[in-house]
file input-v9.txt (compact mmCIF, C-alpha atoms and all ligand atoms)
# COMPACT_ATOMS: atom_id res chain seq x y z
CA MET U 1 -20.40 16.00 10.76
CA LYS U 2 -18.45 16.66 7.55
CA VAL U 3 -14.90 16.43 6.20
CA LEU U 4 -13.52 18.37 3.27
CA ILE U 5 -11.65 16.03 0.87
CA THR U 6 -9.42 17.72 -1.67
CA GLY U 7 -8.79 15.46 -4.64
CA GLY U 8 -11.92 13.58 -3.62
CA ALA U 9 -12.67 12.59 -7.24
CA GLY U 10 -9.33 10.79 -7.61
CA PHE U 11 -8.40 7.16 -6.93
CA ILE U 12 -7.49 7.48 -3.26
CA GLY U 13 -9.61 10.53 -2.37
CA SER U 14 -12.80 8.98 -3.73
CA THR U 15 -12.15 5.75 -1.80
CA ILE U 16 -11.57 7.77 1.36
CA ALA U 17 -14.87 9.59 0.70
CA SER U 18 -16.71 6.23 0.55
CA ALA U 19 -15.04 5.04 3.76
CA PHE U 20 -16.24 8.20 5.55
CA VAL U 21 -19.78 7.83 4.14
CA GLU U 22 -19.95 4.24 5.44
CA ARG U 23 -19.02 5.52 8.91
CA GLY U 24 -21.62 8.29 9.00
CA VAL U 25 -19.38 11.24 8.10
CA THR U 26 -20.40 13.35 5.09
CA PRO U 27 -17.60 14.15 2.64
CA VAL U 28 -17.46 17.52 0.90
CA VAL U 29 -15.41 16.95 -2.25
CA LEU U 30 -13.22 19.65 -3.79
CA ASP U 31 -11.60 18.53 -7.04
CA SER U 32 -10.44 20.28 -10.22
CA LEU U 33 -11.28 17.17 -12.29
CA ILE U 34 -7.91 17.54 -14.06
CA THR U 35 -7.24 13.90 -13.21
CA GLY U 36 -10.30 13.11 -11.08
CA ARG U 37 -13.52 11.72 -12.58
CA GLN U 38 -16.89 13.43 -12.39
CA GLU U 39 -18.63 10.03 -11.93
CA PHE U 40 -16.73 9.55 -8.64
CA THR U 41 -18.54 12.57 -7.18
CA ALA U 42 -22.04 11.21 -7.92
CA GLY U 43 -24.32 11.62 -4.92
CA LYS U 44 -21.70 13.62 -3.00
CA ILE U 45 -21.48 17.29 -2.11
CA PHE U 46 -19.07 18.44 -4.81
CA TYR U 47 -17.27 21.66 -5.68
CA GLN U 48 -15.29 21.71 -8.91
CA GLY U 49 -12.27 23.96 -8.62
CA ASP U 50 -8.79 24.58 -7.42
CA ILE U 51 -7.44 24.15 -3.90
CA GLY U 52 -5.61 27.46 -4.35
CA ASP U 53 -8.86 29.34 -5.01
CA GLY U 54 -9.46 31.21 -1.75
CA ASP U 55 -12.93 32.48 -2.69
CA LEU U 56 -14.04 28.93 -3.43
CA VAL U 57 -12.63 27.54 -0.18
CA ASP U 58 -14.33 30.40 1.74
CA GLU U 59 -17.62 29.55 0.00
CA ILE U 60 -17.25 25.87 0.99
CA PHE U 61 -16.75 26.75 4.66
CA ARG U 62 -19.65 29.27 4.53
CA ASP U 63 -21.90 26.56 3.06
CA HIS U 64 -20.64 23.86 5.46
CA PRO U 65 -19.66 25.31 8.85
CA ASP U 66 -19.83 21.75 10.24
CA ILE U 67 -16.65 20.64 8.42
CA ILE U 68 -14.42 19.34 11.22
CA ALA U 69 -11.28 18.43 9.26
CA THR U 70 -9.65 18.52 5.84
CA VAL U 71 -8.25 15.44 4.12
CA HIS U 72 -5.73 16.81 1.61
CA CYS U 73 -5.21 14.38 -1.28
CA ALA U 74 -5.18 16.74 -4.28
CA ALA U 75 -1.79 16.31 -5.97
CA LEU U 76 0.06 15.21 -9.06
CA ILE U 77 1.58 11.78 -8.41
CA VAL U 78 3.46 10.40 -11.41
CA VAL U 79 7.19 10.23 -10.61
CA PRO U 80 8.54 10.26 -14.22
CA ASP U 81 6.30 13.24 -15.09
CA SER U 82 7.67 15.09 -12.06
CA MET U 83 11.18 14.66 -13.45
CA THR U 84 10.34 16.15 -16.85
CA ASP U 85 8.05 18.89 -15.49
CA PRO U 86 9.15 19.81 -11.95
CA LEU U 87 7.69 23.31 -12.31
CA ARG U 88 4.19 21.89 -12.57
CA TYR U 89 4.76 19.44 -9.72
CA TYR U 90 6.10 22.05 -7.30
CA ARG U 91 3.35 24.48 -8.32
CA VAL U 92 0.54 22.00 -7.72
CA ASN U 93 1.90 19.95 -4.82
CA LEU U 94 3.76 22.70 -2.96
CA SER U 95 2.49 26.20 -3.87
CA LYS U 96 -1.14 25.16 -3.89
CA THR U 97 -0.75 23.30 -0.61
CA LEU U 98 0.66 26.54 0.81
CA ASP U 99 -2.37 28.45 -0.49
CA LEU U 100 -4.81 25.82 0.76
CA ALA U 101 -3.23 25.80 4.23
CA GLY U 102 -3.70 29.58 4.37
CA HIS U 103 -7.34 29.26 3.34
CA LEU U 104 -7.94 26.61 6.01
CA VAL U 105 -6.36 28.73 8.75
CA ARG U 106 -8.46 31.74 7.65
CA ASN U 107 -11.61 29.61 7.88
CA GLY U 108 -10.73 28.24 11.32
CA CYS U 109 -10.19 24.64 10.16
CA ASP U 110 -7.23 23.48 12.27
CA ARG U 111 -7.27 19.73 11.53
CA MET U 112 -5.64 18.38 8.37
CA ILE U 113 -4.85 14.80 7.37
CA PHE U 114 -2.25 14.94 4.62
CA ALA U 115 -1.83 12.23 1.97
CA SER U 116 1.93 11.89 1.83
CA THR U 117 4.50 9.36 0.66
CA ALA U 118 6.88 6.92 2.34
CA GLY U 119 8.93 7.33 -0.85
CA MET U 120 10.75 10.23 0.86
CA TYR U 121 12.71 7.90 3.19
CA ARG U 122 16.12 6.37 2.65
CA PRO U 123 15.41 2.66 3.28
CA GLU U 124 17.32 0.87 6.09
CA PRO U 125 19.77 -1.88 4.99
CA ASP U 126 16.95 -4.47 5.24
CA LEU U 127 14.80 -2.16 3.00
CA SER U 128 12.35 -1.33 5.81
CA VAL U 129 11.38 2.25 6.62
CA THR U 130 10.03 3.68 9.86
CA GLU U 131 9.00 7.20 10.86
CA THR U 132 12.56 7.80 12.08
CA SER U 133 14.30 6.67 8.88
CA PHE U 134 16.43 9.34 7.20
CA LEU U 135 14.59 11.57 4.72
CA GLU U 136 16.21 11.46 1.31
CA PRO U 137 13.61 12.06 -1.42
CA GLN U 138 14.91 11.06 -4.86
CA ASN U 139 12.72 12.96 -7.33
CA PRO U 140 10.60 16.14 -7.60
CA TYR U 141 7.41 14.25 -6.67
CA THR U 142 8.71 12.97 -3.33
CA ARG U 143 10.57 16.24 -2.72
CA SER U 144 7.38 18.23 -3.31
CA LYS U 145 5.61 16.11 -0.69
CA MET U 146 8.46 16.52 1.80
CA MET U 147 8.57 20.29 1.28
CA ALA U 148 4.80 20.49 1.67
CA GLU U 149 5.13 18.69 5.00
CA LEU U 150 7.78 21.19 6.13
CA LEU U 151 5.54 24.15 5.37
CA LEU U 152 2.65 22.49 7.16
CA GLN U 153 4.86 22.07 10.26
CA ASP U 154 5.59 25.81 10.15
CA PHE U 155 1.86 26.52 9.94
CA GLY U 156 1.43 24.43 13.09
CA LYS U 157 3.98 26.49 14.99
CA ALA U 158 2.75 29.87 13.75
CA TYR U 159 -1.00 29.48 13.23
CA GLY U 160 -1.96 26.36 15.19
CA LEU U 161 -2.79 24.19 12.15
CA ARG U 162 -2.67 20.56 13.32
CA VAL U 163 -1.54 18.01 10.75
CA ILE U 164 -1.41 14.22 10.70
CA SER U 165 0.68 13.14 7.74
CA LEU U 166 0.00 9.60 6.51
CA ARG U 167 2.90 8.23 4.46
CA TYR U 168 2.47 5.10 2.33
CA LEU U 169 3.84 3.59 -0.87
CA ASN U 170 2.00 1.76 -3.67
CA PRO U 171 -1.78 1.71 -3.35
CA ILE U 172 -3.55 -0.99 -5.40
CA GLY U 173 -7.03 -2.53 -5.52
CA ALA U 174 -10.31 -0.64 -5.72
CA ASP U 175 -13.29 0.10 -3.54
CA PRO U 176 -14.50 -3.45 -2.71
CA ARG U 177 -18.05 -2.31 -3.61
CA LEU U 178 -16.69 -1.02 -6.95
CA ARG U 179 -18.02 2.52 -6.56
CA THR U 180 -14.60 3.86 -7.59
CA GLY U 181 -11.11 2.73 -8.57
CA LEU U 182 -8.16 3.79 -10.68
CA GLN U 183 -9.25 6.45 -13.20
CA ASN U 184 -6.49 5.74 -15.70
CA SER U 185 -7.38 3.12 -18.36
CA LYS U 186 -3.71 2.39 -19.17
CA PRO U 187 -1.84 2.29 -15.87
CA THR U 188 1.90 1.61 -16.15
CA HIS U 189 2.40 0.27 -12.63
CA ALA U 190 3.15 -3.42 -12.12
CA LEU U 191 -0.39 -4.62 -11.34
CA GLY U 192 -1.88 -2.47 -14.14
CA LYS U 193 0.56 -4.01 -16.61
CA MET U 194 -0.29 -7.51 -15.33
CA ILE U 195 -3.97 -6.89 -15.96
CA GLU U 196 -3.20 -5.53 -19.43
CA CYS U 197 -0.98 -8.52 -20.32
CA TYR U 198 -3.53 -10.98 -18.93
CA THR U 199 -6.30 -9.33 -20.97
CA LEU U 200 -4.20 -9.38 -24.17
CA GLY U 201 -2.87 -12.90 -23.51
CA VAL U 202 0.80 -11.82 -23.70
CA PRO U 203 3.57 -12.50 -21.13
CA PHE U 204 4.13 -9.96 -18.37
CA LYS U 205 7.70 -8.63 -18.35
CA ILE U 206 9.42 -8.70 -14.95
CA THR U 207 11.61 -5.64 -15.36
CA GLY U 208 14.63 -6.14 -13.13
CA VAL U 209 15.71 -9.52 -11.74
CA ASP U 210 19.15 -8.73 -10.26
CA TRP U 211 18.21 -6.73 -7.19
CA GLU U 212 19.45 -7.70 -3.73
CA THR U 213 16.14 -9.01 -2.46
CA ARG U 214 14.84 -12.43 -1.45
CA ASP U 215 14.20 -13.43 -5.10
CA GLY U 216 16.14 -10.83 -7.13
CA THR U 217 13.11 -8.73 -8.08
CA ALA U 218 12.29 -5.29 -6.73
CA ILE U 219 10.21 -4.91 -3.60
CA ARG U 220 7.29 -2.56 -3.02
CA ASP U 221 4.76 -2.15 -0.23
CA TYR U 222 1.57 -2.62 -2.27
CA ILE U 223 -1.37 -1.83 -0.07
CA HIS U 224 -5.09 -2.07 -0.65
CA VAL U 225 -6.61 1.37 -1.23
CA TRP U 226 -9.52 0.53 1.10
CA ASP U 227 -7.05 -0.13 3.92
CA ILE U 228 -5.53 3.28 3.24
CA ALA U 229 -8.98 4.86 3.27
CA ARG U 230 -9.73 3.23 6.65
CA ALA U 231 -6.54 4.73 8.06
CA PHE U 232 -7.68 8.23 7.04
CA TYR U 233 -10.97 7.65 8.84
CA GLU U 234 -9.19 6.37 11.97
CA ALA U 235 -6.91 9.43 11.94
CA ALA U 236 -9.95 11.73 11.73
CA ALA U 237 -11.83 9.86 14.45
CA ARG U 238 -8.84 10.01 16.87
CA PHE U 239 -7.51 13.37 15.78
CA ASP U 240 -7.80 15.24 19.09
CA SER U 241 -6.24 12.43 21.11
CA ILE U 242 -3.31 12.17 18.66
CA ILE U 243 -2.76 15.97 18.56
CA PRO U 244 -4.68 17.69 21.38
CA PRO U 245 -6.04 21.14 20.49
CA VAL U 246 -4.23 22.94 23.33
CA GLY U 247 -0.78 22.59 24.89
CA ASP U 248 2.76 23.23 23.75
CA HIS U 249 3.28 19.83 22.07
CA SER U 250 4.07 19.49 18.37
CA ARG U 251 1.06 20.08 16.16
CA TYR U 252 2.38 17.71 13.52
CA GLU U 253 2.45 13.91 13.56
CA VAL U 254 3.71 11.42 10.98
CA VAL U 255 2.27 7.92 10.69
CA ASN U 256 3.47 5.38 8.12
CA LEU U 257 1.03 2.93 6.54
CA GLY U 258 2.22 -0.40 5.16
CA THR U 259 2.21 -4.17 5.40
CA GLY U 260 5.46 -4.71 7.32
CA ASP U 261 7.11 -7.02 4.79
CA GLY U 262 6.34 -5.85 1.26
CA THR U 263 5.96 -7.90 -1.91
CA THR U 264 8.51 -8.62 -4.64
CA VAL U 265 7.52 -8.57 -8.32
CA ARG U 266 7.80 -12.38 -8.46
CA GLU U 267 5.56 -12.64 -5.38
CA LEU U 268 3.07 -10.30 -7.07
CA VAL U 269 3.11 -12.54 -10.16
CA ALA U 270 2.51 -15.60 -7.94
CA ALA U 271 -0.41 -13.83 -6.21
CA PHE U 272 -1.84 -12.87 -9.61
CA ARG U 273 -1.69 -16.55 -10.71
CA GLU U 274 -3.39 -17.50 -7.46
CA VAL U 275 -6.32 -15.32 -8.53
CA VAL U 276 -6.50 -15.95 -12.31
CA GLY U 277 -4.98 -19.43 -12.64
CA ASP U 278 -1.79 -20.89 -14.12
CA GLY U 279 -2.33 -19.51 -17.64
CA PHE U 280 -0.71 -16.17 -16.74
CA ALA U 281 2.82 -16.05 -18.22
CA ALA U 282 5.74 -13.90 -17.08
CA GLU U 283 9.28 -13.50 -18.41
CA ASP U 284 12.44 -11.82 -17.15
CA ALA U 285 13.47 -8.48 -18.67
CA PRO U 286 15.99 -5.68 -17.97
CA ALA U 287 15.17 -3.11 -15.25
CA ARG U 288 13.36 0.09 -16.29
CA PRO U 289 15.57 3.20 -16.40
CA GLY U 290 15.58 4.89 -13.01
CA ASP U 291 14.06 1.89 -11.20
CA VAL U 292 14.91 1.39 -7.53
CA VAL U 293 15.13 -1.74 -5.38
CA GLY U 294 12.28 -0.37 -3.26
CA ALA U 295 11.23 -0.47 0.37
CA TYR U 296 8.54 -1.66 2.74
CA VAL U 297 6.91 0.12 5.62
CA ASP U 298 6.87 -0.86 9.28
CA PRO U 299 3.30 -0.07 10.42
CA ALA U 300 3.93 -0.36 14.21
CA LYS U 301 3.14 3.31 14.92
CA ALA U 302 -0.07 3.10 12.89
CA TRP U 303 -1.15 0.26 15.15
CA ASP U 304 -0.28 2.24 18.30
CA LEU U 305 -1.92 5.51 17.28
CA LEU U 306 -4.71 4.45 14.91
CA ALA U 307 -5.32 0.80 15.92
CA TRP U 308 -4.80 0.23 12.21
CA LYS U 309 -3.22 -2.57 10.23
CA PRO U 310 -3.99 -3.78 6.71
CA GLU U 311 -6.93 -6.19 6.49
CA TYR U 312 -6.98 -7.04 2.79
CA THR U 313 -4.45 -9.40 1.21
CA ILE U 314 -2.55 -8.82 -2.03
CA GLU U 315 -4.86 -11.41 -3.65
CA ASP U 316 -7.92 -9.39 -2.51
CA ALA U 317 -6.40 -6.27 -4.05
CA ILE U 318 -5.71 -8.10 -7.33
CA ARG U 319 -9.27 -9.45 -7.42
CA HIS U 320 -10.74 -6.00 -6.78
CA SER U 321 -8.45 -4.43 -9.41
CA LEU U 322 -9.57 -6.99 -12.00
CA GLN U 323 -13.22 -6.41 -11.13
CA TRP U 324 -12.69 -2.67 -11.33
CA ALA U 325 -11.01 -2.97 -14.79
CA ASP U 326 -14.26 -4.59 -16.05
CA ARG U 327 -16.44 -2.03 -14.29
CA ARG U 328 -14.36 0.81 -15.68
CA ARG U 329 -14.86 -0.40 -19.22
CA GLU U 330 -18.64 -0.35 -18.63
CA LEU U 331 -18.42 3.20 -17.25
CA ASP U 332 -16.48 4.35 -20.32
CA VAL U 333 -18.96 2.80 -22.70
CA ALA U 334 -21.97 4.24 -20.81
O1 LIG B 401 5.42 -4.10 -16.50
C1 LIG B 401 6.01 -3.96 -15.43
C2 LIG B 401 5.85 -2.83 -14.60
C3 LIG B 401 6.58 -2.77 -13.42
N1 LIG B 401 7.41 -3.79 -13.07
C4 LIG B 401 8.24 -3.68 -11.87
O2 LIG B 401 7.42 -3.64 -10.73
C5 LIG B 401 8.06 -2.87 -9.71
C6 LIG B 401 7.08 -1.82 -9.24
O3 LIG B 401 6.81 -0.92 -10.30
P1 LIG B 401 5.57 0.11 -10.22
O4 LIG B 401 5.60 0.95 -11.45
O5 LIG B 401 4.32 -0.64 -9.90
O6 LIG B 401 5.89 0.97 -8.90
P2 LIG B 401 6.94 2.12 -8.66
O7 LIG B 401 7.02 2.22 -7.18
O8 LIG B 401 8.22 1.85 -9.35
O9 LIG B 401 6.27 3.45 -9.26
C7 LIG B 401 4.87 3.70 -9.18
O10 LIG B 401 4.45 4.18 -7.98
C8 LIG B 401 4.92 5.46 -7.65
C9 LIG B 401 4.25 5.84 -6.36
O11 LIG B 401 5.05 5.55 -5.30
C10 LIG B 401 4.61 6.48 -8.72
O12 LIG B 401 3.21 6.72 -8.79
C11 LIG B 401 5.12 5.99 -10.06
O13 LIG B 401 4.80 6.94 -11.06
C12 LIG B 401 4.53 4.65 -10.33
O14 LIG B 401 5.03 4.13 -11.55
C13 LIG B 401 9.32 -2.26 -10.35
O15 LIG B 401 10.44 -3.02 -9.98
C14 LIG B 401 9.07 -2.41 -11.84
O16 LIG B 401 10.27 -2.56 -12.60
C15 LIG B 401 7.55 -4.91 -13.85
O17 LIG B 401 8.28 -5.84 -13.50
N2 LIG B 401 6.86 -4.96 -15.03
call {"tool": "encode", "arguments": {"input": "input-v9.txt", "output": "structure tokens", "more": "lines below"}}
Ligand SMILES: O=c1ccn([C@@H]2O[C@H](COP(=O)(O)OP(=O)(O)O[C@H]3O[C@H](CO)[C@H](O)[C@H](O)[C@H]3O)[C@@H](O)[C@H]2O)c(=O)[nH]1
result
Amino acid sequence: MKVLITGGAGFIGSTIASAFVERGVTPVVLDSLITGRQEFTAGKIFYQGDIGDGDLVDEIFRDHPDIIATVHCAALIVVPDSMTDPLRYYRVNLSKTLDLAGHLVRNGCDRMIFASTAGMYRPEPDLSVTETSFLEPQNPYTRSKMMAELLLQDFGKAYGLRVISLRYLNPIGADPRLRTGLQNSKPTHALGKMIECYTLGVPFKITGVDWETRDGTAIRDYIHVWDIARAFYEAAARFDSIIPPVGDHSRYEVVNLGTGDGTTVRELVAAFREVVGDGFAAEDAPARPGDVVGAYVDPAKAWDLLAWKPEYTIEDAIRHSLQWADRRRELDVA
């Protein structure tokens, strides 16, 4: 049994591929390698190319008629970049998803698990989001994901494509067996900056300390990438019971993935100290332009439909990220 994983050489897609391998499902990776890494495809069935390339997708399905579902992760994901270059973001995340969906329908693949974002919700007053929270995406990245979901719903109604959309927020950590992790050597997200500051021996700047949260710092739902990968497997394994192949029910289901309470920046700093010791310094600083207070995800539906909840702690994710930063340096030198 095989699954096609678009973006399978990226941070999340490659981790999902490993989770499938460990459970006896063979991944077939399709990745352009624009941001993905060739090393992450080692030992896997790999096609280098574009999700919009119909001939290539046809070739993949000819070569692997036993593909039972597509996990669609290929996307551009950097919010500030999406604001300066929306054309590129809509082209890659929306137009190419449209093309891919057409190629899948043509090849008779009617199961898709879509890597989406819980960043498209307007948070409730307590900063939680559920699947019924109002959709109010704030930037071209989250809008491109929302629009892609809308087109996929239309494909369900017209062509029978079934889609489970998994929406989550800030993935951190690395494959616990360190096969893969974040490709980028200079990540700008909070944990990446903590690792950089810790390595250089300089204080980490807590950007934004006046938010209306439990300690004044912004909240995010950091979640271990292996937990996310497990959820994709569970969605694939239960696909036909979540969206049966026949009947006049909706062919589209949304499931949010998260921890249920989130983590503030100060809590992330405390967790980092828990892992590396007291020597890690942090200081208050002004908020970054465009920053938001944040949100956290209620994972109740994920438990009901996927029997899924996060298993790794924030400290586990920090430990794995630190180990991966060392491993990554070795890979770059090799
Ligand atoms: O050095 C830093 C870096 C970040 N933060 C703070 O930590 C919180 C989280 O920031 P991240 O950058 O980790 O997370 P964001 O959700 O703000 O954004 C990140 O996750 C998004 C995905 O949802 C996009 O990928 C985006 O490009 C990426 O920066 C924010 O309050 C930020 O101000 C600091 O205090 N110091």
call {"tool": "atom_distance", "arguments": {"input": "input-v9.txt", "atom1": "CA of Asn256 (chain U)", "atom2": "CA of Asp298 (chain U)"}}
result
7.2 Å
call {"tool": "closest_residue", "arguments": {"input": "input-v9.txt", "among": "U:Lys309, U:Arg327, U:His189, U:Lys96", "to": "Asp53 (chain U)", "atoms": "only C-alpha atoms"}}
result
U:Lys96
call {"tool": "closest_residue", "arguments": {"input": "input-v9.txt", "among": "U:Leu305, U:Leu87, U:Leu135, U:Ala115", "to": "Ser241 (chain U)", "atoms": "only C-alpha atoms"}}
result
U:Leu305
call {"tool": "residues_near_ligand", "arguments": {"input": "input-v9.txt", "ligand": "ligand LIG 401 (chain B)", "cutoff": "9 Å", "atoms": "all atoms listed in the file", "output": "VMD selection string"}}
result
chain U and resid 77 to 82 117 to 119 141 to 142 168 to 171 187 to 194 197 204 to 209 217 to 222 264 to 266 268 284 to 294
call {"tool": "closest_residue", "arguments": {"input": "input-v9.txt", "among": "U:Leu94, U:Met83, U:Glu267, U:Phe20", "to": "Gly216 (chain U)", "atoms": "all atoms listed in the file"}}
result
U:Glu267
call {"tool": "residues_around", "arguments": {"input": "input-v9.txt", "residues": "Glu131 (chain U)", "least_positions_apart": "4", "cutoff": "12 Å", "atoms": "all atoms listed in the file", "output": "count of residues only"}}
result
25
